[in-house]
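Next up, model-v9.pdb (PDB, C-alpha atoms, pLDDT in the B column):
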ATOM      1  CA  GLN A   1      99.827 100.051 110.907  1.00 45.00           C
ATOM      2  CA  GLU A   2      98.350  97.762 113.543  1.00 46.00           C
ATOM      3  CA  ALA A   3      96.825  95.587 110.837  1.00 44.00           C
ATOM      4  CA  LEU A   4     100.170  95.336 109.033  1.00 45.00           C
ATOM      5  CA  ASN A   5     101.947  94.375 112.254  1.00 48.00           C
ATOM      6  CA  LYS A   6      99.682  91.342 112.569  1.00 46.00           C
ATOM      7  CA  GLY A   7     100.056  90.313 108.946  1.00 44.00           C
ATOM      8  CA  PRO A   8     102.251  87.780 107.152  1.00 41.00           C
ATOM      9  CA  ALA A   9     105.994  88.214 107.340  1.00 39.00           C
ATOM     10  CA  LEU A  10     106.495  88.389 103.550  1.00 38.00           C
ATOM     11  CA  TYR A  11     104.956  91.155 101.467  1.00 40.00           C
ATOM     12  CA  SER A  12     104.670  91.712  97.747  1.00 45.00           C
ATOM     13  CA  LEU A  13     106.988  94.627  96.960  1.00 46.00           C
ATOM     14  CA  ASP A  14     104.526  95.877  94.332  1.00 49.00           C
ATOM     15  CA  CYS A  15     101.691  95.886  96.854  1.00 51.00           C
ATOM     16  CA  VAL A  16     103.751  97.590  99.547  1.00 50.00           C
ATOM     17  CA  SER A  17     104.709 100.261  97.021  1.00 53.00           C
ATOM     18  CA  ILE A  18     101.046 100.812  96.112  1.00 52.00           C
ATOM     19  CA  ILE A  19      99.948 101.083  99.740  1.00 55.00           C
ATOM     20  CA  SER A  20     102.772 103.428 100.716  1.00 53.00           C
ATOM     21  CA  SER A  21     102.010 105.740  97.795  1.00 52.00           C
ATOM     22  CA  LEU A  22      98.287 106.095  98.475  1.00 52.00           C
ATOM     23  CA  LEU A  23      98.717 109.154 100.702  1.00 47.00           C
ATOM     24  CA  PHE A  24     100.479 110.981  97.896  1.00 45.00           C
ATOM     25  CA  VAL A  25      97.970 110.362  95.086  1.00 46.00           C
ATOM     26  CA  ASP A  26      95.880 113.494  94.658  1.00 45.00           C
ATOM     27  CA  GLU A  27      93.013 111.944  92.723  1.00 45.00           C
ATOM     28  CA  MET A  28      92.405 109.286  95.387  1.00 45.00           C
ATOM     29  CA  TRP A  29      91.378 111.746  98.071  1.00 46.00           C
ATOM     30  CA  GLU A  30      88.081 113.574  98.320  1.00 50.00           C
ATOM     31  CA  PRO A  31      86.800 115.813 101.145  1.00 47.00           C
ATOM     32  CA  GLY A  32      85.695 113.733 104.096  1.00 50.00           C
ATOM     33  CA  GLN A  33      87.454 110.554 103.033  1.00 55.00           C
ATOM     34  CA  CYS A  34      89.433 108.435 105.453  1.00 62.00           C
ATOM     35  CA  LEU A  35      92.277 106.088 104.573  1.00 64.00           C
ATOM     36  CA  LEU A  36      89.952 103.066 104.452  1.00 67.00           C
ATOM     37  CA  ASP A  37      87.802 104.804 101.814  1.00 67.00           C
ATOM     38  CA  CYS A  38      90.916 105.411  99.773  1.00 68.00           C
ATOM     39  CA  LEU A  39      92.115 101.805 100.092  1.00 72.00           C
ATOM     40  CA  LYS A  40      88.743 100.359  99.067  1.00 72.00           C
ATOM     41  CA  HIS A  41      88.397 102.707  96.107  1.00 71.00           C
ATOM     42  CA  PHE A  42      91.887 101.844  94.910  1.00 71.00           C
ATOM     43  CA  LEU A  43      91.176  98.140  95.313  1.00 74.00           C
ATOM     44  CA  SER A  44      87.935  98.267  93.327  1.00 73.00           C
ATOM     45  CA  THR A  45      89.576 100.341  90.581  1.00 73.00           C
ATOM     46  CA  TYR A  46      92.705  98.269  90.033  1.00 71.00           C
ATOM     47  CA  SER A  47      91.775  94.715  91.086  1.00 70.00           C
ATOM     48  CA  CYS A  48      90.590  93.946  87.543  1.00 68.00           C
ATOM     49  CA  LYS A  49      93.761  95.227  85.858  1.00 69.00           C
ATOM     50  CA  GLY A  50      96.073  92.329  86.610  1.00 68.00           C
ATOM     51  CA  TYR A  51      97.742  93.693  89.747  1.00 68.00           C
ATOM     52  CA  ASN A  52      98.528  91.407  92.663  1.00 72.00           C
ATOM     53  CA  LEU A  53      96.498  93.130  95.394  1.00 75.00           C
ATOM     54  CA  SER A  54      96.057  90.180  97.761  1.00 78.00           C
ATOM     55  CA  LEU A  55      97.842  91.997 100.602  1.00 74.00           C
ATOM     56  CA  LEU A  56      95.707  95.077 100.037  1.00 75.00           C
ATOM     57  CA  GLU A  57      92.540  92.933 100.194  1.00 79.00           C
ATOM     58  CA  TRP A  58      93.765  91.406 103.438  1.00 78.00           C
ATOM     59  CA  LEU A  59      94.632  94.841 104.848  1.00 74.00           C
ATOM     60  CA  VAL A  60      91.177  96.236 104.047  1.00 73.00           C
ATOM     61  CA  SER A  61      89.478  93.268 105.689  1.00 75.00           C
ATOM     62  CA  ARG A  62      91.580  93.606 108.840  1.00 72.00           C
ATOM     63  CA  ILE A  63      90.878  97.336 109.141  1.00 67.00           C
ATOM     64  CA  GLU A  64      87.138  96.715 108.676  1.00 63.00           C
ATOM     65  CA  GLU A  65      87.237  94.059 111.393  1.00 66.00           C
ATOM     66  CA  ARG A  66      88.306  96.718 113.875  1.00 60.00           C
ATOM     67  CA  GLY A  67      85.062  98.639 113.368  1.00 55.00           C
ATOM     68  CA  PRO A  68      84.137 101.971 111.808  1.00 51.00           C
ATOM     69  CA  VAL A  69      86.928 104.335 110.860  1.00 54.00           C
ATOM     70  CA  GLN A  70      86.538 107.928 112.022  1.00 55.00           C
ATOM     71  CA  LYS A  71      86.344 110.474 109.241  1.00 73.00           C
ATOM     72  CA  LEU A  72      87.313 114.112 109.521  1.00 82.00           C
ATOM     73  CA  ARG A  73      85.378 115.895 112.258  1.00 89.00           C
ATOM     74  CA  PHE A  74      85.115 119.336 110.672  1.00 92.00           C
ATOM     75  CA  ALA A  75      83.790 120.478 107.298  1.00 90.00           C
ATOM     76  CA  VAL A  76      84.863 123.419 105.152  1.00 91.00           C
ATOM     77  CA  GLY A  77      83.642 126.687 106.661  1.00 94.00           C
ATOM     78  CA  VAL A  78      83.446 125.395 110.232  1.00 95.00           C
ATOM     79  CA  GLU A  79      84.993 127.580 112.929  1.00 95.00           C
ATOM     80  CA  VAL A  80      87.824 125.852 114.825  1.00 96.00           C
ATOM     81  CA  GLU A  81      90.780 126.548 117.078  1.00 93.00           C
ATOM     82  CA  CYS A  82      94.313 125.434 116.192  1.00 93.00           C
ATOM     83  CA  PHE A  83      97.242 124.966 118.543  1.00 89.00           C
ATOM     84  CA  MET A  84     100.112 127.143 117.324  1.00 87.00           C
ATOM     85  CA  GLY A  85     102.701 126.127 119.890  1.00 83.00           C
ATOM     86  CA  TYR A  86     103.308 127.272 123.440  1.00 77.00           C
ATOM     87  CA  GLU A  87     104.371 130.754 122.366  1.00 76.00           C
ATOM     88  CA  GLN A  88     101.135 131.547 120.478  1.00 81.00           C
ATOM     89  CA  GLY A  89      98.675 129.137 122.090  1.00 81.00           C
ATOM     90  CA  TRP A  90      95.253 128.392 120.570  1.00 86.00           C
ATOM     91  CA  GLN A  91      94.075 130.601 117.712  1.00 89.00           C
ATOM     92  CA  ARG A  92      90.698 130.701 115.994  1.00 91.00           C
ATOM     93  CA  GLY A  93      89.921 130.393 112.323  1.00 94.00           C
ATOM     94  CA  LYS A  94      87.804 128.591 109.726  1.00 95.00           C
ATOM     95  CA  VAL A  95      88.457 125.383 107.826  1.00 95.00           C
ATOM     96  CA  ASN A  96      89.360 126.475 104.293  1.00 94.00           C
ATOM     97  CA  ALA A  97      89.994 123.063 102.683  1.00 90.00           C
ATOM     98  CA  LEU A  98      90.291 119.369 103.493  1.00 84.00           C
ATOM     99  CA  TRP A  99      93.258 117.146 102.636  1.00 77.00           C
ATOM    100  CA  ALA A 100      95.426 119.974 101.381  1.00 80.00           C
ATOM    101  CA  HIS A 101      99.092 120.269 100.440  1.00 75.00           C
ATOM    102  CA  GLN A 102     100.993 122.892 102.379  1.00 77.00           C
ATOM    103  CA  HIS A 103     103.130 123.616  99.298  1.00 71.00           C
ATOM    104  CA  PRO A 104     100.957 122.825  96.220  1.00 63.00           C
ATOM    105  CA  ASP A 105     103.736 123.748  93.777  1.00 62.00           C
ATOM    106  CA  HIS A 106     106.059 121.171  95.349  1.00 55.00           C
ATOM    107  CA  SER A 107     103.568 118.493  96.353  1.00 49.00           C
ATOM    108  CA  TYR A 108     105.292 115.417  94.897  1.00 47.00           C
ATOM    109  CA  GLY A 109     105.923 112.941  97.716  1.00 45.00           C
ATOM    110  CA  GLN A 110     104.372 115.290 100.254  1.00 54.00           C
ATOM    111  CA  MET A 111     101.688 114.006 102.607  1.00 61.00           C
ATOM    112  CA  LYS A 112      98.491 116.009 102.764  1.00 71.00           C
ATOM    113  CA  SER A 113      97.290 117.684 105.924  1.00 80.00           C
ATOM    114  CA  PRO A 114      93.697 116.887 106.918  1.00 81.00           C
ATOM    115  CA  TYR A 115      92.884 120.581 107.393  1.00 90.00           C
ATOM    116  CA  GLU A 116      93.849 123.862 105.789  1.00 93.00           C
ATOM    117  CA  VAL A 117      92.716 126.607 108.179  1.00 95.00           C
ATOM    118  CA  LEU A 118      92.546 130.375 107.690  1.00 95.00           C
ATOM    119  CA  LEU A 119      93.261 131.957 111.070  1.00 93.00           C
ATOM    120  CA  ASP A 120      91.133 135.042 111.666  1.00 87.00           C
ATOM    121  CA  GLY A 121      93.837 137.145 113.304  1.00 74.00           C
ATOM    122  CA  THR A 122      92.159 137.520 116.688  1.00 64.00           C
ATOM    123  CA  GLY A 123      94.372 137.806 119.739  1.00 55.00           C
ATOM    124  CA  GLY A 124      96.758 140.226 118.057  1.00 56.00           C
ATOM    125  CA  GLU A 125      98.038 137.768 115.444  1.00 60.00           C
ATOM    126  CA  SER A 126      97.863 138.414 111.685  1.00 68.00           C
ATOM    127  CA  GLU A 127      95.442 136.551 109.423  1.00 81.00           C
ATOM    128  CA  ARG A 128      97.221 133.620 107.796  1.00 89.00           C
ATOM    129  CA  MET A 129      96.780 130.123 106.384  1.00 93.00           C
ATOM    130  CA  ILE A 130      98.017 127.183 108.456  1.00 93.00           C
ATOM    131  CA  TYR A 131      97.789 123.387 108.199  1.00 92.00           C
ATOM    132  CA  ALA A 132      96.701 121.009 110.959  1.00 90.00           C
ATOM    133  CA  PRO A 133      98.804 117.823 110.654  1.00 83.00           C
ATOM    134  CA  GLY A 134      96.298 115.607 112.479  1.00 83.00           C
ATOM    135  CA  ASP A 135      92.586 115.420 113.261  1.00 85.00           C
ATOM    136  CA  THR A 136      92.940 115.340 117.044  1.00 84.00           C
ATOM    137  CA  ASP A 137      92.400 117.822 119.871  1.00 86.00           C
ATOM    138  CA  THR A 138      96.178 118.116 120.085  1.00 83.00           C
ATOM    139  CA  PHE A 139      96.180 120.152 116.859  1.00 89.00           C
ATOM    140  CA  ILE A 140      92.620 121.294 116.128  1.00 93.00           C
ATOM    141  CA  ARG A 141      89.427 121.509 118.157  1.00 92.00           C
ATOM    142  CA  GLN A 142      86.022 123.147 118.160  1.00 91.00           C
ATOM    143  CA  PRO A 143      86.089 126.640 119.728  1.00 90.00           C
ATOM    144  CA  MET A 144      86.049 126.278 123.488  1.00 85.00           C
ATOM    145  CA  GLU A 145      84.682 128.654 126.095  1.00 86.00           C
ATOM    146  CA  PHE A 146      86.591 128.130 129.331  1.00 88.00           C
ATOM    147  CA  PRO A 147      86.269 129.981 132.626  1.00 90.00           C
ATOM    148  CA  PRO A 148      88.888 132.697 133.247  1.00 92.00           C
ATOM    149  CA  THR A 149      92.084 131.562 134.933  1.00 94.00           C
ATOM    150  CA  ARG A 150      93.982 133.213 137.779  1.00 96.00           C
ATOM    151  CA  PHE A 151      97.260 133.164 135.863  1.00 96.00           C
ATOM    152  CA  ALA A 152      98.240 134.019 132.293  1.00 93.00           C
ATOM    153  CA  ARG A 153     100.802 132.522 129.936  1.00 89.00           C
ATOM    154  CA  GLY A 154     104.284 133.582 131.033  1.00 91.00           C
ATOM    155  CA  ASP A 155     103.410 133.943 134.724  1.00 94.00           C
ATOM    156  CA  ALA A 156     105.883 132.539 137.254  1.00 93.00           C
ATOM    157  CA  VAL A 157     104.203 130.071 139.609  1.00 94.00           C
ATOM    158  CA  ILE A 158     104.880 127.106 141.829  1.00 92.00           C
ATOM    159  CA  ALA A 159     103.242 123.776 141.094  1.00 91.00           C
ATOM    160  CA  THR A 160     102.853 120.624 143.102  1.00 88.00           C
ATOM    161  CA  ARG A 161     104.179 117.266 142.024  1.00 82.00           C
ATOM    162  CA  ALA A 162     105.340 114.073 143.675  1.00 77.00           C
ATOM    163  CA  GLY A 163     107.872 115.104 146.295  1.00 74.00           C
ATOM    164  CA  GLY A 164     106.794 118.681 146.836  1.00 83.00           C
ATOM    165  CA  TRP A 165     106.520 122.030 145.097  1.00 88.00           C
ATOM    166  CA  VAL A 166     108.614 123.282 142.209  1.00 88.00           C
ATOM    167  CA  GLU A 167     108.845 126.637 140.439  1.00 89.00           C
ATOM    168  CA  GLY A 168     107.797 126.996 136.838  1.00 91.00           C
ATOM    169  CA  THR A 169     106.248 129.133 134.108  1.00 92.00           C
ATOM    170  CA  ILE A 170     102.751 128.910 132.611  1.00 93.00           C
ATOM    171  CA  ILE A 171     103.205 128.003 128.927  1.00 89.00           C
ATOM    172  CA  SER A 172      99.662 127.080 127.853  1.00 86.00           C
ATOM    173  CA  LEU A 173      96.083 127.543 129.030  1.00 88.00           C
ATOM    174  CA  TRP A 174      93.355 124.922 128.774  1.00 87.00           C
ATOM    175  CA  HIS A 175      95.220 122.078 127.158  1.00 83.00           C
ATOM    176  CA  LYS A 176      93.854 118.533 126.870  1.00 79.00           C
ATOM    177  CA  HIS A 177      95.800 115.994 128.899  1.00 78.00           C
ATOM    178  CA  PRO A 178      96.803 113.170 126.479  1.00 71.00           C
ATOM    179  CA  VAL A 179      96.324 110.410 129.063  1.00 74.00           C
ATOM    180  CA  ALA A 180      93.497 111.615 131.289  1.00 74.00           C
ATOM    181  CA  GLN A 181      91.657 113.147 128.283  1.00 77.00           C
ATOM    182  CA  LYS A 182      90.690 116.072 130.506  1.00 83.00           C
ATOM    183  CA  TRP A 183      91.050 119.789 129.828  1.00 86.00           C
ATOM    184  CA  CYS A 184      93.662 121.163 132.238  1.00 90.00           C
ATOM    185  CA  PRO A 185      93.769 124.894 132.976  1.00 93.00           C
ATOM    186  CA  TYR A 186      97.562 125.069 132.910  1.00 93.00           C
ATOM    187  CA  LEU A 187     100.594 123.477 131.320  1.00 90.00           C
ATOM    188  CA  ILE A 188     103.635 124.474 133.349  1.00 91.00           C
ATOM    189  CA  GLU A 189     107.278 124.229 132.333  1.00 90.00           C
ATOM    190  CA  VAL A 190     109.196 123.523 135.508  1.00 86.00           C
ATOM    191  CA  GLN A 191     112.879 123.959 136.306  1.00 72.00           C
ATOM    192  CA  ASP A 192     113.845 121.879 139.271  1.00 59.00           C
ATOM    193  CA  GLY A 193     117.605 122.338 139.086  1.00 51.00           C
ATOM    194  CA  ILE A 194     118.104 118.799 137.818  1.00 46.00           C
ATOM    195  CA  VAL A 195     116.151 118.497 134.569  1.00 44.00           C
ATOM    196  CA  GLU A 196     114.971 121.661 132.844  1.00 48.00           C
ATOM    197  CA  GLY A 197     112.083 121.732 130.405  1.00 55.00           C
ATOM    198  CA  ASN A 198     109.811 119.252 132.171  1.00 83.00           C
ATOM    199  CA  ILE A 199     106.158 120.003 131.548  1.00 85.00           C
ATOM    200  CA  ILE A 200     103.459 119.199 134.069  1.00 87.00           C
ATOM    201  CA  ALA A 201      99.717 119.757 133.901  1.00 89.00           C
ATOM    202  CA  ALA A 202      97.715 121.364 136.669  1.00 92.00           C
ATOM    203  CA  PRO A 203      94.337 119.568 136.661  1.00 91.00           C
ATOM    204  CA  GLU A 204      92.525 122.361 138.523  1.00 93.00           C
ATOM    205  CA  ASP A 205      92.980 126.106 138.944  1.00 95.00           C
ATOM    206  CA  THR A 206      93.239 125.984 142.725  1.00 95.00           C
ATOM    207  CA  ASP A 207      95.948 126.513 145.336  1.00 94.00           C
ATOM    208  CA  LEU A 208      96.009 122.760 145.760  1.00 93.00           C
ATOM    209  CA  PHE A 209      97.890 122.432 142.439  1.00 93.00           C
ATOM    210  CA  VAL A 210      99.296 125.838 141.438  1.00 94.00           C
ATOM    211  CA  ARG A 211     100.091 129.062 143.293  1.00 94.00           C
ATOM    212  CA  ALA A 212     101.712 132.441 142.709  1.00 93.00           C
ATOM    213  CA  MET A 213     105.479 132.452 143.221  1.00 90.00           C
ATOM    214  CA  PRO A 214     106.146 133.290 146.900  1.00 88.00           C
ATOM    215  CA  ASP A 215     109.152 135.206 148.164  1.00 85.00           C
ATOM    216  CA  ASN A 216     112.182 133.144 149.195  1.00 81.00           C
ATOM    217  CA  PHE A 217     110.761 129.959 147.667  1.00 80.00           C
ATOM    218  CA  VAL A 218     112.699 126.743 148.298  1.00 75.00           C
ATOM    219  CA  PRO A 219     112.037 123.903 145.793  1.00 72.00           C
ATOM    220  CA  ASP A 220     110.487 120.661 147.069  1.00 62.00           C
ATOM    221  CA  GLN A 221     109.477 122.197 150.354  1.00 59.00           C
ATOM    222  CA  ILE A 222     106.046 121.552 151.856  1.00 55.00           C
ATOM    223  CA  VAL A 223     103.952 124.656 151.196  1.00 52.00           C
ATOM    224  CA  LEU A 224     101.006 125.187 153.523  1.00 51.00           C
TER
END
As structure tokens, the full file:
Amino acid sequence: QEALNKGPALYSLDCVSIISSLLFVDEMWEPGQCLLDCLKHFLSTYSCKGYNLSLLEWLVSRIEERGPVQKLRFAVGVEVECFMGYEQGWQRGKVNALWAHQHPDHSYGQMKSPYEVLLDGTGGESERMIYAPGDTDTFIRQPMEFPPTRFARGDAVIATRAGGWVEGTIISLWHKHPVAQKWCPYLIEVQDGIVEGNIIAAPEDTDLFVRAMPDNFVPDQIVL
């Protein structure tokens, strides 16, 4: 997308159609391939068949200029953890397939997910197949061993933020902060009486950042 944004203003409609359809062509994808692999393979296969692929050639060159493209981090059979939302948290399983359709019988026009994962049913959940939509720590990660936390998901706490303390509820344990790229022990949904549903991250499991809900708590007060 970044390469396209820096490209010429006018595009060949045929070429744009080819590029936009690449993610939906089953035979173009093989385990471990990245989009650049797919683009280059398509270019080498069809450049001698009379198609105008000048934009595709330019796109490949621009992507290559930006350096190596990361391929999928996990192989089939590797144990991973997948984020199943704040209600279910992180659950463990094994990679069952790469670049898989969630609904194979209705796959036309459907983008593939980089990982098909069979969850192992630990933590009280049933064994089931799920699909990780992206190859980032937001969706899938290697199994992590974190120290125990003082609070559990669902606990009522108070958390510090700019301006004072606010009450909230623990909704996730050990989540990676998208900006700081640091594993935070708590994600806390706060309700400050003005905007509900705000989520803040506690960077450490100490009283400096998060505490048990005290009696007669007053929001935004200075808690000693």
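Closest approach to Glu189 of chain A from the set A:Ser113, A:Cys82, A:Thr149, A:Val166 is made by A:Val166, with distances taken over all atoms listed in the file.
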*Within 12 Å of Gly134 of chain A, counting all atoms listed in the file, which residues show up once you throw out same-chain ones fewer than 3 positions away? Write them as a VMD selection string, please.*
chain A and resid 71 to 74 82 to 83 98 to 100 111 to 116 131 137 to 141
_Evaluated on this file, the PyMOL selection byres ((chain A and resi 80) around 7) picks out some residues - which ones are they, written as an MDAnalysis selection string?_
chainID A and resid 78:79 81:82 92:94 140:143
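Nearest to Gly85 of chain A of all the residues A:Trp183, A:Ala202, A:Phe217, A:His175 is A:His175, counting only C-alpha atoms.
Interatomic distance, atom CA of Arg153 of chain A to atom CA of Leu173 of chain A: 6.9 Å.
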